>>> print(open('my_file_20.txt').read())   # compact mmCIF, C-alpha atoms
# COMPACT_ATOMS: atom_id res chain seq x y z
CA MET E 1 142.05 -143.28 -65.08
CA LYS E 2 139.31 -140.69 -64.87
CA GLU E 3 139.56 -137.85 -67.38
CA LEU E 4 140.35 -134.49 -65.76
CA LYS E 5 138.48 -131.34 -66.75
CA PHE E 6 139.71 -127.81 -66.05
CA ILE E 7 137.56 -124.69 -66.39
CA VAL E 8 138.44 -121.01 -66.29
CA THR E 9 136.00 -118.13 -66.67
CA GLY E 10 137.01 -114.55 -67.32
CA ARG E 11 135.51 -111.08 -67.42
CA SER E 12 137.08 -108.33 -69.46
CA LEU E 13 137.67 -105.31 -67.18
CA SER E 14 139.37 -103.25 -69.89
CA LYS E 15 140.94 -103.76 -73.32
CA SER E 16 144.01 -105.23 -71.60
CA LYS E 17 142.75 -106.44 -68.22
CA LEU E 18 140.97 -109.69 -67.46
CA LEU E 19 139.64 -111.00 -64.18
CA ALA E 20 139.94 -114.77 -64.39
CA LYS E 21 138.19 -117.12 -61.98
CA VAL E 22 139.32 -120.67 -61.27
CA ARG E 23 137.65 -122.60 -58.43
CA ASN E 24 138.18 -120.26 -55.42
CA PHE E 25 140.92 -118.18 -57.02
CA GLU E 26 140.70 -114.80 -58.75
CA ILE E 27 143.62 -113.94 -61.00
CA ILE E 28 144.32 -110.64 -62.78
CA VAL E 29 145.85 -110.63 -66.26
CA ASP E 30 146.96 -107.21 -67.49
CA GLU E 31 149.52 -105.54 -69.72
CA PRO E 32 152.36 -103.22 -68.65
CA LEU E 33 151.82 -99.44 -69.00
CA GLU E 34 154.04 -99.28 -72.10
CA ILE E 35 151.80 -101.79 -73.90
CA GLY E 36 148.73 -99.74 -72.99
CA GLY E 37 147.68 -101.66 -69.88
CA SER E 38 147.27 -100.73 -66.22
CA ASP E 39 150.01 -103.13 -65.03
CA GLU E 40 148.01 -104.88 -62.31
CA GLY E 41 149.27 -108.37 -63.10
CA PRO E 42 151.46 -110.43 -65.41
CA ASN E 43 150.45 -110.47 -69.05
CA PRO E 44 149.23 -113.51 -71.03
CA MET E 45 152.68 -114.41 -72.39
CA GLU E 46 154.07 -114.33 -68.86
CA TYR E 47 151.25 -116.57 -67.60
CA LEU E 48 152.16 -119.02 -70.36
CA LEU E 49 155.70 -119.23 -68.91
CA ILE E 50 154.27 -119.48 -65.37
CA ALA E 51 152.12 -122.43 -66.48
CA LEU E 52 155.17 -124.15 -67.97
CA ALA E 53 157.34 -123.40 -64.92
CA GLY E 54 154.70 -124.82 -62.56
CA CYS E 55 154.27 -127.90 -64.72
CA LEU E 56 158.02 -128.55 -64.99
CA ASN E 57 158.29 -128.25 -61.20
CA VAL E 58 155.54 -130.72 -60.38
CA THR E 59 156.48 -133.20 -63.13
CA PHE E 60 160.24 -133.13 -62.42
CA GLN E 61 159.65 -133.51 -58.66
CA TRP E 62 157.11 -136.28 -59.24
CA ILE E 63 159.41 -138.34 -61.47
CA ALA E 64 162.38 -137.77 -59.13
CA ALA E 65 160.24 -139.11 -56.25
CA GLU E 66 159.20 -142.14 -58.35
CA ARG E 67 162.90 -142.93 -58.78
CA GLY E 68 163.84 -142.26 -55.16
CA VAL E 69 165.97 -139.22 -56.09
CA ASP E 70 166.07 -136.45 -53.46
CA ILE E 71 165.80 -132.93 -54.84
CA HIS E 72 167.16 -130.51 -52.20
CA SER E 73 166.20 -127.42 -54.18
CA LEU E 74 164.93 -126.48 -57.62
CA GLU E 75 164.91 -123.05 -59.24
CA LEU E 76 163.77 -122.30 -62.77
CA ILE E 77 164.44 -119.54 -65.28
CA LEU E 78 162.20 -119.40 -68.33
CA GLU E 79 162.48 -117.07 -71.27
CA GLY E 80 160.68 -116.51 -74.54
CA LYS E 81 161.07 -114.00 -77.36
CA LEU E 82 158.54 -112.92 -79.92
CA ASN E 83 158.11 -110.49 -82.75
CA PRO E 84 155.06 -108.32 -81.95
CA GLU E 85 154.39 -107.48 -85.63
CA LYS E 86 151.79 -110.18 -86.25
CA PHE E 87 149.85 -109.23 -83.10
CA ASN E 88 149.93 -105.65 -84.37
CA GLY E 89 148.52 -106.65 -87.77
CA ILE E 90 151.77 -106.01 -89.66
CA LEU E 91 152.61 -108.39 -92.52
CA THR E 92 155.47 -110.65 -91.40
CA LYS E 93 156.85 -114.11 -91.97
CA ASP E 94 157.35 -114.50 -88.21
CA ARG E 95 154.83 -116.30 -86.07
CA ALA E 96 152.65 -114.45 -83.50
CA GLY E 97 153.87 -116.35 -80.45
CA TYR E 98 157.18 -117.31 -78.89
CA LYS E 99 159.66 -118.56 -81.49
CA GLU E 100 161.16 -120.82 -78.84
CA ILE E 101 160.96 -121.15 -75.08
CA THR E 102 164.09 -121.83 -73.08
CA ALA E 103 164.07 -123.13 -69.52
CA ILE E 104 166.97 -123.71 -67.16
CA LEU E 105 166.41 -125.91 -64.12
CA LYS E 106 168.93 -125.28 -61.35
CA VAL E 107 168.84 -128.41 -59.24
CA LYS E 108 170.53 -129.19 -55.95
CA SER E 109 170.68 -132.94 -55.60
CA ASP E 110 173.19 -135.65 -54.74
CA ALA E 111 172.17 -137.44 -57.92
CA SER E 112 174.52 -137.40 -60.91
CA LYS E 113 174.00 -135.13 -63.89
CA LYS E 114 173.14 -138.24 -65.93
CA VAL E 115 170.35 -139.27 -63.54
CA LEU E 116 168.95 -135.72 -63.51
CA GLU E 117 169.08 -135.45 -67.32
CA ASP E 118 167.18 -138.69 -67.54
CA ILE E 119 164.48 -137.32 -65.21
CA LEU E 120 164.36 -134.17 -67.36
CA ARG E 121 163.91 -136.19 -70.58
CA GLU E 122 160.97 -138.01 -69.01
CA THR E 123 159.62 -134.70 -67.63
CA LYS E 124 159.44 -133.19 -71.13
CA LYS E 125 157.32 -136.13 -72.30
CA ARG E 126 154.99 -136.32 -69.31
CA CYS E 127 154.46 -132.61 -68.44
CA PRO E 128 151.05 -131.70 -69.89
CA VAL E 129 151.95 -128.05 -70.55
CA SER E 130 155.13 -129.07 -72.46
CA ASP E 131 153.02 -131.39 -74.55
CA ASN E 132 150.44 -128.70 -75.38
CA LEU E 133 153.25 -126.38 -76.49
CA MET E 134 155.48 -128.83 -78.37
CA GLU E 135 152.65 -130.60 -80.22
CA PRO E 136 149.72 -128.90 -81.98
CA THR E 137 146.66 -128.40 -79.74
CA PRO E 138 143.27 -127.89 -81.40
CA LEU E 139 141.41 -124.76 -80.27
CA ARG E 140 137.66 -124.50 -80.80
CA ILE E 141 136.57 -120.93 -80.19
CA GLU E 142 132.98 -119.79 -80.56
CA ILE E 143 131.26 -116.48 -80.16
CA GLU E 144 127.90 -115.67 -78.60
CA ASN E 145 126.59 -112.22 -79.50
CA LEU E 146 124.41 -111.22 -76.55
CA GLN E 147 123.67 -107.67 -77.92
CA MET Z 1 159.42 -103.70 -84.55
CA LYS Z 2 161.58 -104.47 -81.57
CA GLU Z 3 161.57 -108.09 -80.42
CA LEU Z 4 159.88 -108.59 -77.04
CA LYS Z 5 161.47 -110.76 -74.37
CA PHE Z 6 159.57 -112.21 -71.39
CA ILE Z 7 161.24 -113.78 -68.37
CA VAL Z 8 159.81 -115.75 -65.46
CA THR Z 9 161.80 -117.19 -62.57
CA GLY Z 10 160.46 -119.75 -60.15
CA ARG Z 11 161.39 -121.39 -56.89
CA SER Z 12 160.05 -124.78 -55.93
CA LEU Z 13 158.42 -124.55 -52.48
CA SER Z 14 157.21 -128.15 -52.47
CA LYS Z 15 156.69 -130.99 -54.92
CA SER Z 16 153.55 -129.26 -56.17
CA LYS Z 17 154.02 -125.60 -55.26
CA LEU Z 18 156.01 -123.01 -57.16
CA LEU Z 19 156.59 -119.35 -56.35
CA ALA Z 20 156.93 -117.62 -59.71
CA LYS Z 21 158.33 -114.10 -60.08
CA VAL Z 22 157.60 -111.84 -63.03
CA ARG Z 23 158.71 -108.21 -62.87
CA ASN Z 24 157.07 -106.96 -59.62
CA PHE Z 25 154.59 -109.81 -59.35
CA GLU Z 26 154.72 -112.97 -57.28
CA ILE Z 27 152.42 -115.77 -58.37
CA ILE Z 28 151.71 -119.07 -56.64
CA VAL Z 29 151.18 -122.23 -58.68
CA ASP Z 30 149.93 -125.22 -56.68
CA GLU Z 31 147.83 -128.35 -56.99
CA PRO Z 32 144.49 -129.10 -55.29
CA LEU Z 33 144.52 -131.27 -52.16
CA GLU Z 34 143.19 -134.29 -54.08
CA ILE Z 35 146.19 -134.16 -56.44
CA GLY Z 36 148.57 -133.99 -53.47
CA GLY Z 37 149.05 -130.23 -53.33
CA SER Z 38 148.33 -127.58 -50.71
CA ASP Z 39 145.76 -125.73 -52.89
CA GLU Z 40 147.22 -122.23 -52.55
CA GLY Z 41 146.75 -121.27 -56.19
CA PRO Z 42 145.58 -122.47 -59.59
CA ASN Z 43 147.51 -125.37 -61.08
CA PRO Z 44 149.65 -125.28 -64.24
CA MET Z 45 146.87 -126.46 -66.56
CA GLU Z 46 144.58 -123.74 -65.19
CA TYR Z 47 147.29 -121.09 -65.72
CA LEU Z 48 147.51 -122.27 -69.32
CA LEU Z 49 143.79 -121.49 -69.76
CA ILE Z 50 144.25 -118.16 -67.91
CA ALA Z 51 147.05 -117.24 -70.35
CA LEU Z 52 144.79 -118.06 -73.31
CA ALA Z 53 141.80 -116.21 -71.80
CA GLY Z 54 143.92 -113.09 -71.18
CA CYS Z 55 145.35 -113.23 -74.70
CA LEU Z 56 141.96 -113.70 -76.35
CA ASN Z 57 140.65 -110.70 -74.39
CA VAL Z 58 143.43 -108.30 -75.35
CA THR Z 59 143.64 -109.48 -78.98
CA PHE Z 60 139.86 -109.47 -79.56
CA GLN Z 61 139.49 -106.02 -77.96
CA TRP Z 62 142.49 -104.68 -79.90
CA ILE Z 63 141.19 -105.84 -83.29
CA ALA Z 64 137.67 -104.61 -82.49
CA ALA Z 65 139.15 -101.17 -81.68
CA GLU Z 66 141.14 -101.19 -84.96
CA ARG Z 67 137.85 -101.72 -86.78
CA GLY Z 68 135.90 -99.15 -84.78
CA VAL Z 69 133.66 -101.83 -83.22
CA ASP Z 70 132.45 -101.09 -79.67
CA ILE Z 71 132.54 -104.05 -77.29
CA HIS Z 72 130.18 -103.30 -74.38
CA SER Z 73 131.15 -106.42 -72.46
CA LEU Z 74 133.11 -109.60 -72.96
CA GLU Z 75 133.04 -112.76 -70.85
CA LEU Z 76 134.95 -115.94 -71.58
CA ILE Z 77 134.55 -119.58 -70.61
CA LEU Z 78 137.47 -121.90 -71.35
CA GLU Z 79 137.63 -125.62 -70.84
CA GLY Z 80 140.11 -128.39 -71.45
CA LYS Z 81 140.12 -132.12 -70.77
CA LEU Z 82 143.04 -134.45 -70.41
CA ASN Z 83 143.83 -138.03 -69.60
CA PRO Z 84 146.21 -138.04 -66.57
CA GLU Z 85 147.70 -141.46 -67.42
CA LYS Z 86 150.74 -140.18 -69.32
CA PHE Z 87 151.62 -137.73 -66.50
CA ASN Z 88 151.34 -140.67 -64.12
CA GLY Z 89 153.71 -142.78 -66.20
CA ILE Z 90 151.04 -145.20 -67.41
CA LEU Z 91 151.35 -146.50 -70.98
CA THR Z 92 148.67 -144.82 -73.11
CA LYS Z 93 148.03 -143.71 -76.67
CA ASP Z 94 146.61 -140.42 -75.35
CA ARG Z 95 148.74 -137.30 -75.18
CA ALA Z 96 149.83 -135.78 -71.84
CA GLY Z 97 148.16 -132.39 -72.33
CA TYR Z 98 144.73 -131.09 -73.25
CA LYS Z 99 143.25 -133.01 -76.18
CA GLU Z 100 141.46 -129.84 -77.23
CA ILE Z 101 140.70 -126.47 -75.67
CA THR Z 102 137.29 -124.90 -76.13
CA ALA Z 103 136.56 -121.23 -75.55
CA ILE Z 104 133.27 -119.39 -75.68
CA LEU Z 105 133.33 -115.59 -75.95
CA LYS Z 106 130.10 -113.97 -74.78
CA VAL Z 107 130.10 -110.55 -76.39
CA LYS Z 108 127.74 -107.62 -75.93
CA SER Z 109 128.09 -105.39 -78.96
CA ASP Z 110 125.88 -103.62 -81.49
CA ALA Z 111 127.96 -105.23 -84.23
CA SER Z 112 126.50 -108.11 -86.23
CA LYS Z 113 127.44 -111.72 -85.60
CA LYS Z 114 129.28 -111.70 -88.95
CA VAL Z 115 131.45 -108.73 -87.95
CA LEU Z 116 132.25 -110.35 -84.57
CA GLU Z 117 133.07 -113.70 -86.18
CA ASP Z 118 135.44 -111.93 -88.53
CA ILE Z 119 137.19 -110.28 -85.56
CA LEU Z 120 137.39 -113.70 -83.89
CA ARG Z 121 138.96 -115.30 -86.99
CA GLU Z 122 141.64 -112.59 -87.01
CA THR Z 123 142.07 -112.95 -83.21
CA LYS Z 124 142.93 -116.65 -83.54
CA LYS Z 125 145.70 -115.78 -86.01
CA ARG Z 126 147.18 -112.83 -84.13
CA CYS Z 127 146.87 -113.94 -80.47
CA PRO Z 128 150.37 -115.12 -79.48
CA VAL Z 129 149.13 -117.71 -76.96
CA SER Z 130 146.76 -119.27 -79.56
CA ASP Z 131 149.70 -119.49 -81.95
CA ASN Z 132 151.95 -121.20 -79.38
CA LEU Z 133 149.21 -123.76 -78.71
CA MET Z 134 147.96 -124.41 -82.25
CA GLU Z 135 151.41 -124.63 -83.86
CA PRO Z 136 154.42 -126.55 -82.49
CA THR Z 137 156.65 -124.47 -80.20
CA PRO Z 138 160.24 -125.60 -79.65
CA LEU Z 139 161.24 -126.01 -76.00
CA ARG Z 140 164.90 -126.02 -75.06
CA ILE Z 141 165.24 -127.20 -71.47
CA GLU Z 142 168.58 -127.56 -69.73
CA ILE Z 143 169.63 -128.68 -66.31
CA GLU Z 144 172.31 -127.28 -64.02
CA ASN Z 145 173.27 -129.61 -61.19
CA LEU Z 146 174.43 -127.32 -58.38
CA GLN Z 147 175.00 -130.17 -55.86
>>> encode(input="my_file_20.txt", output="C-alpha cells")
Amino acid sequence: MKELKFIVTGRSLSKSKLLAKVRNFEIIVDEPLEIGGSDEGPNPMEYLLIALAGCLNVTFQWIAAERGVDIHSLELILEGKLNPEKFNGILTKDRAGYKEITAILKVKSDASKKVLEDILRETKKRCPVSDNLMEPTPLRIEIENLQ
Amino acid sequence: MKELKFIVTGRSLSKSKLLAKVRNFEIIVDEPLEIGGSDEGPNPMEYLLIALAGCLNVTFQWIAAERGVDIHSLELILEGKLNPEKFNGILTKDRAGYKEITAILKVKSDASKKVLEDILRETKKRCPVSDNLMEPTPLRIEIENLQ
C-alpha cells in the first residue's frame, strides 16, 4: 500500500501558545493560566491523549466492522500522570512524560465481553498512535537559525 | 513537585469521528473523506504531531527564557510517514505508527547556532511528549461492556 505522509506546521504565538495548521484546520495549543498560559486550548499532553482517544475509536470501530460486530455506542476515558520536575529542570529519576496512560472503553454492544476483548487486543497492535507510544519512535529535530 | 494528572473523555460520533472533551474544550477528531471519514477535524496521527509541536514550542521557549535567550519568532514543521498496512490488517514487517518523526524549528534569535542547538538538546530531554514518543510508554487499556 502507498505510504502515508502527515504534515503539521506551527507558529509560536507566545511562550505557551502555538497555532498549528493541518490541511484546512487551525488548532490552538495553549497552557492553563496556572501553568503560565492564556488557556485558549488544550495543552500538548492533553492533545497526546486526544490523539490516542481518536486512534482507539477509529481502530476499534474498524476491527469490529471487519468482524461484523455492531458497536451501538463507544465512550472513552483516558488519563495520564506525570512528574513535572524534569520539564522544570529539576534533577529527578522520573521520566519527563506520562509514566503510564490508562484508557477505559465503555462499549454498548450485543457482543460478548470475550469478543470485545479480542477486538481490543487487535486494536492495541494496529492503532498507529498506540504503537508510537508503546514502542520507541525516533525523533529527528533540527534547528534553522534565521536571525 | 506535585504530580500532574490529565484527563480526556471522548464520545464516538461515527466510525471515524470522535468528540473529545478536555476541561472546557471540545475537540473533533475525524478522518479525511478518502480514508472514509467526514473530514471535520485533523485525524489522530495529525493530533500526535500537534501535541509534539505544542510541546516543543513551550519547552524550547521555557529553556530559552531560563537562559536569558530572546526568541523573536519560532515556526515549526513536523512530518511523519507510515505504512498503513498494519492498521489495515495486512501482514507486514513494518510498524503501525510513524517510522520516524522529523521536526524543523525555524528560529529568529540573536543567539548563535551553538546556543540554540544546546537549548534544543535540552528541549528533547525535557519535553514530555518527546519523552513519551522516544521511550516506551505503558498503555493499560480496559473494556467495559455496558450492553
>>> calpha_fit_and_write(input="my_file_20.txt", fixed="chain Z", moving="chain E", output="compact mmCIF listing (two decimals) with C-alpha atoms, in the frame of the given file")
# COMPACT_ATOMS: atom_id res chain seq x y z
CA MET E 1 159.42 -103.69 -84.56
CA LYS E 2 161.58 -104.45 -81.56
CA GLU E 3 161.58 -108.08 -80.43
CA LEU E 4 159.89 -108.58 -77.04
CA LYS E 5 161.46 -110.77 -74.37
CA PHE E 6 159.57 -112.20 -71.40
CA ILE E 7 161.24 -113.79 -68.37
CA VAL E 8 159.82 -115.75 -65.46
CA THR E 9 161.81 -117.20 -62.57
CA GLY E 10 160.47 -119.76 -60.14
CA ARG E 11 161.41 -121.42 -56.87
CA SER E 12 160.03 -124.80 -55.94
CA LEU E 13 158.41 -124.55 -52.48
CA SER E 14 157.20 -128.15 -52.47
CA LYS E 15 156.69 -131.01 -54.94
CA SER E 16 153.53 -129.26 -56.17
CA LYS E 17 154.02 -125.60 -55.26
CA LEU E 18 156.01 -123.00 -57.16
CA LEU E 19 156.60 -119.36 -56.36
CA ALA E 20 156.94 -117.62 -59.71
CA LYS E 21 158.33 -114.11 -60.08
CA VAL E 22 157.60 -111.84 -63.03
CA ARG E 23 158.73 -108.19 -62.87
CA ASN E 24 157.08 -106.96 -59.62
CA PHE E 25 154.58 -109.80 -59.35
CA GLU E 26 154.73 -112.98 -57.27
CA ILE E 27 152.42 -115.76 -58.38
CA ILE E 28 151.72 -119.08 -56.64
CA VAL E 29 151.18 -122.24 -58.68
CA ASP E 30 149.93 -125.22 -56.68
CA GLU E 31 147.83 -128.35 -57.00
CA PRO E 32 144.49 -129.08 -55.30
CA LEU E 33 144.53 -131.26 -52.14
CA GLU E 34 143.21 -134.28 -54.06
CA ILE E 35 146.20 -134.15 -56.43
CA GLY E 36 148.57 -133.99 -53.46
CA GLY E 37 149.04 -130.22 -53.33
CA SER E 38 148.32 -127.57 -50.71
CA ASP E 39 145.76 -125.73 -52.89
CA GLU E 40 147.21 -122.23 -52.55
CA GLY E 41 146.75 -121.27 -56.19
CA PRO E 42 145.58 -122.47 -59.59
CA ASN E 43 147.51 -125.36 -61.08
CA PRO E 44 149.66 -125.26 -64.25
CA MET E 45 146.87 -126.45 -66.56
CA GLU E 46 144.60 -123.74 -65.19
CA TYR E 47 147.29 -121.09 -65.73
CA LEU E 48 147.52 -122.27 -69.34
CA LEU E 49 143.80 -121.48 -69.76
CA ILE E 50 144.26 -118.16 -67.92
CA ALA E 51 147.05 -117.23 -70.36
CA LEU E 52 144.80 -118.05 -73.31
CA ALA E 53 141.81 -116.20 -71.82
CA GLY E 54 143.92 -113.08 -71.20
CA CYS E 55 145.36 -113.23 -74.69
CA LEU E 56 141.96 -113.68 -76.36
CA ASN E 57 140.66 -110.69 -74.39
CA VAL E 58 143.43 -108.31 -75.35
CA THR E 59 143.64 -109.47 -78.98
CA PHE E 60 139.86 -109.48 -79.58
CA GLN E 61 139.48 -106.03 -77.97
CA TRP E 62 142.47 -104.69 -79.90
CA ILE E 63 141.18 -105.84 -83.29
CA ALA E 64 137.65 -104.62 -82.49
CA ALA E 65 139.13 -101.18 -81.69
CA GLU E 66 141.13 -101.21 -84.96
CA ARG E 67 137.84 -101.72 -86.80
CA GLY E 68 135.89 -99.17 -84.78
CA VAL E 69 133.65 -101.85 -83.22
CA ASP E 70 132.44 -101.10 -79.68
CA ILE E 71 132.53 -104.05 -77.30
CA HIS E 72 130.17 -103.29 -74.38
CA SER E 73 131.14 -106.42 -72.46
CA LEU E 74 133.12 -109.61 -72.96
CA GLU E 75 133.05 -112.75 -70.84
CA LEU E 76 134.95 -115.93 -71.57
CA ILE E 77 134.56 -119.58 -70.62
CA LEU E 78 137.48 -121.88 -71.35
CA GLU E 79 137.64 -125.61 -70.85
CA GLY E 80 140.13 -128.38 -71.45
CA LYS E 81 140.12 -132.11 -70.78
CA LEU E 82 143.05 -134.44 -70.41
CA ASN E 83 143.84 -138.02 -69.59
CA PRO E 84 146.20 -138.02 -66.58
CA GLU E 85 147.69 -141.45 -67.44
CA LYS E 86 150.74 -140.17 -69.32
CA PHE E 87 151.61 -137.73 -66.52
CA ASN E 88 151.33 -140.67 -64.13
CA GLY E 89 153.72 -142.79 -66.20
CA ILE E 90 151.03 -145.21 -67.42
CA LEU E 91 151.34 -146.50 -70.99
CA THR E 92 148.66 -144.81 -73.12
CA LYS E 93 148.02 -143.70 -76.66
CA ASP E 94 146.61 -140.41 -75.34
CA ARG E 95 148.72 -137.30 -75.18
CA ALA E 96 149.84 -135.77 -71.83
CA GLY E 97 148.15 -132.40 -72.31
CA TYR E 98 144.73 -131.09 -73.26
CA LYS E 99 143.25 -133.00 -76.19
CA GLU E 100 141.46 -129.82 -77.24
CA ILE E 101 140.71 -126.46 -75.68
CA THR E 102 137.30 -124.90 -76.14
CA ALA E 103 136.57 -121.22 -75.54
CA ILE E 104 133.28 -119.37 -75.68
CA LEU E 105 133.34 -115.59 -75.94
CA LYS E 106 130.11 -113.97 -74.77
CA VAL E 107 130.11 -110.55 -76.38
CA LYS E 108 127.75 -107.64 -75.93
CA SER E 109 128.08 -105.41 -78.96
CA ASP E 110 125.87 -103.66 -81.49
CA ALA E 111 127.96 -105.25 -84.23
CA SER E 112 126.50 -108.14 -86.23
CA LYS E 113 127.44 -111.75 -85.59
CA LYS E 114 129.27 -111.71 -88.94
CA VAL E 115 131.45 -108.75 -87.94
CA LEU E 116 132.24 -110.36 -84.57
CA GLU E 117 133.08 -113.72 -86.18
CA ASP E 118 135.44 -111.94 -88.51
CA ILE E 119 137.19 -110.28 -85.54
CA LEU E 120 137.39 -113.71 -83.88
CA ARG E 121 138.98 -115.30 -86.98
CA GLU E 122 141.64 -112.59 -86.99
CA THR E 123 142.06 -112.95 -83.20
CA LYS E 124 142.93 -116.65 -83.54
CA LYS E 125 145.70 -115.78 -86.00
CA ARG E 126 147.16 -112.82 -84.13
CA CYS E 127 146.88 -113.94 -80.46
CA PRO E 128 150.37 -115.12 -79.48
CA VAL E 129 149.13 -117.70 -76.96
CA SER E 130 146.76 -119.26 -79.56
CA ASP E 131 149.68 -119.49 -81.94
CA ASN E 132 151.95 -121.20 -79.39
CA LEU E 133 149.21 -123.76 -78.71
CA MET E 134 147.96 -124.40 -82.25
CA GLU E 135 151.41 -124.61 -83.86
CA PRO E 136 154.41 -126.54 -82.49
CA THR E 137 156.65 -124.45 -80.20
CA PRO E 138 160.25 -125.60 -79.66
CA LEU E 139 161.25 -126.00 -76.00
CA ARG E 140 164.92 -126.01 -75.04
CA ILE E 141 165.26 -127.19 -71.47
CA GLU E 142 168.60 -127.56 -69.73
CA ILE E 143 169.64 -128.68 -66.31
CA GLU E 144 172.30 -127.29 -64.00
CA ASN E 145 173.27 -129.64 -61.18
CA LEU E 146 174.41 -127.35 -58.37
CA GLN E 147 174.94 -130.24 -55.84
>>> residues_around(input="my_file_20.txt", residues="Asn43 in chain E", least_positions_apart="6", cutoff="7 Å", atoms="all atoms listed in the file", output="PyMOL selection string")
chain E and resi 29-31
>>> closest_residue(input="my_file_20.txt", among="E:Leu74, E:Ile28, E:Ala64, E:Leu33", to="chain Z", atoms="only C-alpha atoms")
E:Leu74
>>> atom_distance(input="my_file_20.txt", atom1="CA of Glu46 in chain E", atom2="CA of Gly97 in chain E")
11.8 Å
>>> axis_aligned_box(input="my_file_20.txt", around="range 89-98 of chain Z", padding_each_side="3 Å", output="JSON")
{"center_x": 149.2, "center_y": -138.8, "center_z": -71.4, "size_x": 15.0, "size_y": 21.4, "size_z": 16.5}
>>> closest_residue(input="my_file_20.txt", among="E:Ile119, E:Ala111, E:Ile7, E:Ile35", to="chain Z", atoms="all atoms listed in the file")
E:Ile7
>>> residues_around(input="my_file_20.txt", residues="Ser16 in chain Z", least_positions_apart="6", cutoff="8 Å", atoms="all atoms listed in the file", output="PDB file with C-alpha atoms, in the coordinates of the input")
ATOM      1  CA  GLY E  54     154.700-124.820 -62.560  1.00  0.00           C
ATOM      2  CA  ASN E  57     158.290-128.250 -61.200  1.00  0.00           C
ATOM      3  CA  VAL E  58     155.540-130.720 -60.380  1.00  0.00           C
ATOM      4  CA  GLN E  61     159.650-133.510 -58.660  1.00  0.00           C
TER       5      GLN E  61
ATOM      6  CA  VAL Z  29     151.180-122.230 -58.680  1.00  0.00           C
ATOM      7  CA  ASP Z  30     149.930-125.220 -56.680  1.00  0.00           C
ATOM      8  CA  GLU Z  31     147.830-128.350 -56.990  1.00  0.00           C
ATOM      9  CA  GLY Z  36     148.570-133.990 -53.470  1.00  0.00           C
ATOM     10  CA  GLY Z  37     149.050-130.230 -53.330  1.00  0.00           C
ATOM     11  CA  SER Z  38     148.330-127.580 -50.710  1.00  0.00           C
TER      12      SER Z  38
END
>>> atom_distance(input="my_file_20.txt", atom1="CA of Leu19 in chain E", atom2="CA of Leu76 in chain Z")
10.1 Å
>>> residues_around(input="my_file_20.txt", residues="Glu66 in chain E", least_positions_apart="2", cutoff="12 Å", atoms="only C-alpha atoms", output="PDB file with C-alpha atoms, keeping the file's coordinate frame")
ATOM      1  CA  THR E  59     156.480-133.200 -63.130  1.00  0.00           C
ATOM      2  CA  PHE E  60     160.240-133.130 -62.420  1.00  0.00           C
ATOM      3  CA  GLN E  61     159.650-133.510 -58.660  1.00  0.00           C
ATOM      4  CA  TRP E  62     157.110-136.280 -59.240  1.00  0.00           C
ATOM      5  CA  ILE E  63     159.410-138.340 -61.470  1.00  0.00           C
ATOM      6  CA  ALA E  64     162.380-137.770 -59.130  1.00  0.00           C
ATOM      7  CA  GLY E  68     163.840-142.260 -55.160  1.00  0.00           C
ATOM      8  CA  VAL E  69     165.970-139.220 -56.090  1.00  0.00           C
ATOM      9  CA  ASP E  70     166.070-136.450 -53.460  1.00  0.00           C
ATOM     10  CA  ILE E  71     165.800-132.930 -54.840  1.00  0.00           C
ATOM     11  CA  ILE E 119     164.480-137.320 -65.210  1.00  0.00           C
ATOM     12  CA  GLU E 122     160.970-138.010 -69.010  1.00  0.00           C
ATOM     13  CA  THR E 123     159.620-134.700 -67.630  1.00  0.00           C
TER      14      THR E 123
ATOM     15  CA  LYS Z  15     156.690-130.990 -54.920  1.00  0.00           C
ATOM     16  CA  PHE Z  87     151.620-137.730 -66.500  1.00  0.00           C
ATOM     17  CA  ASN Z  88     151.340-140.670 -64.120  1.00  0.00           C
ATOM     18  CA  GLY Z  89     153.710-142.780 -66.200  1.00  0.00           C
TER      19      GLY Z  89
END
>>> residues_around(input="my_file_20.txt", residues="Leu78 in chain E", least_positions_apart="2", cutoff="10 Å", atoms="all atoms listed in the file", output="NGL selection string")
(:E and (46 or 49-50 or 52-53 or 76 or 80 or 101-105)) or (:Z and (6-10 or 140-141))
>>> write_last_selection(input="my_file_20.txt", atoms="C-alpha atoms", output="CSV table (one decimal), in the frame of the given file")
chain,number,residue,atom,x,y,z
E,46,GLU,CA,154.1,-114.3,-68.9
E,49,LEU,CA,155.7,-119.2,-68.9
E,50,ILE,CA,154.3,-119.5,-65.4
E,52,LEU,CA,155.2,-124.2,-68.0
E,53,ALA,CA,157.3,-123.4,-64.9
E,76,LEU,CA,163.8,-122.3,-62.8
E,80,GLY,CA,160.7,-116.5,-74.5
E,101,ILE,CA,161.0,-121.2,-75.1
E,102,THR,CA,164.1,-121.8,-73.1
E,103,ALA,CA,164.1,-123.1,-69.5
E,104,ILE,CA,167.0,-123.7,-67.2
E,105,LEU,CA,166.4,-125.9,-64.1
Z,6,PHE,CA,159.6,-112.2,-71.4
Z,7,ILE,CA,161.2,-113.8,-68.4
Z,8,VAL,CA,159.8,-115.8,-65.5
Z,9,THR,CA,161.8,-117.2,-62.6
Z,10,GLY,CA,160.5,-119.8,-60.2
Z,140,ARG,CA,164.9,-126.0,-75.1
Z,141,ILE,CA,165.2,-127.2,-71.5
>>> atom_distance(input="my_file_20.txt", atom1="CA of Val107 in chain Z", atom2="CA of Leu48 in chain Z")
22.1 Å
>>> closest_residue(input="my_file_20.txt", among="E:Leu18, E:Leu116, E:Met45, E:Ala65", to="Asn132 in chain Z", atoms="all atoms listed in the file")
E:Met45
>>> closest_residue(input="my_file_20.txt", among="Z:Ile90, Z:Arg11, Z:Gly41, Z:Arg67", to="Asp118 in chain Z", atoms="all atoms listed in the file")
Z:Arg67
>>> residues_around(input="my_file_20.txt", residues="His72 in chain Z", least_positions_apart="5", cutoff="9 Å", atoms="all atoms listed in the file", output="PyMOL selection string")
(chain E and resi 147) or (chain Z and resi 107-110)
>>> closest_residue(input="my_file_20.txt", among="E:Ile77, E:Ile27, E:Met134, E:Leu139", to="Tyr98 in chain E", atoms="all atoms listed in the file")
E:Met134
>>> residues_near_point(input="my_file_20.txt", point="(157.6, -103.3, -85.8)", cutoff="12 Å", atoms="all atoms listed in the file", output="ChimeraX atom specification")
/E:82-92,94 /Z:1-4
>>> closest_residue(input="my_file_20.txt", among="E:Lys124, E:Glu26, E:Ala96, E:Ser130", to="chain Z", atoms="all atoms listed in the file")
E:Ala96
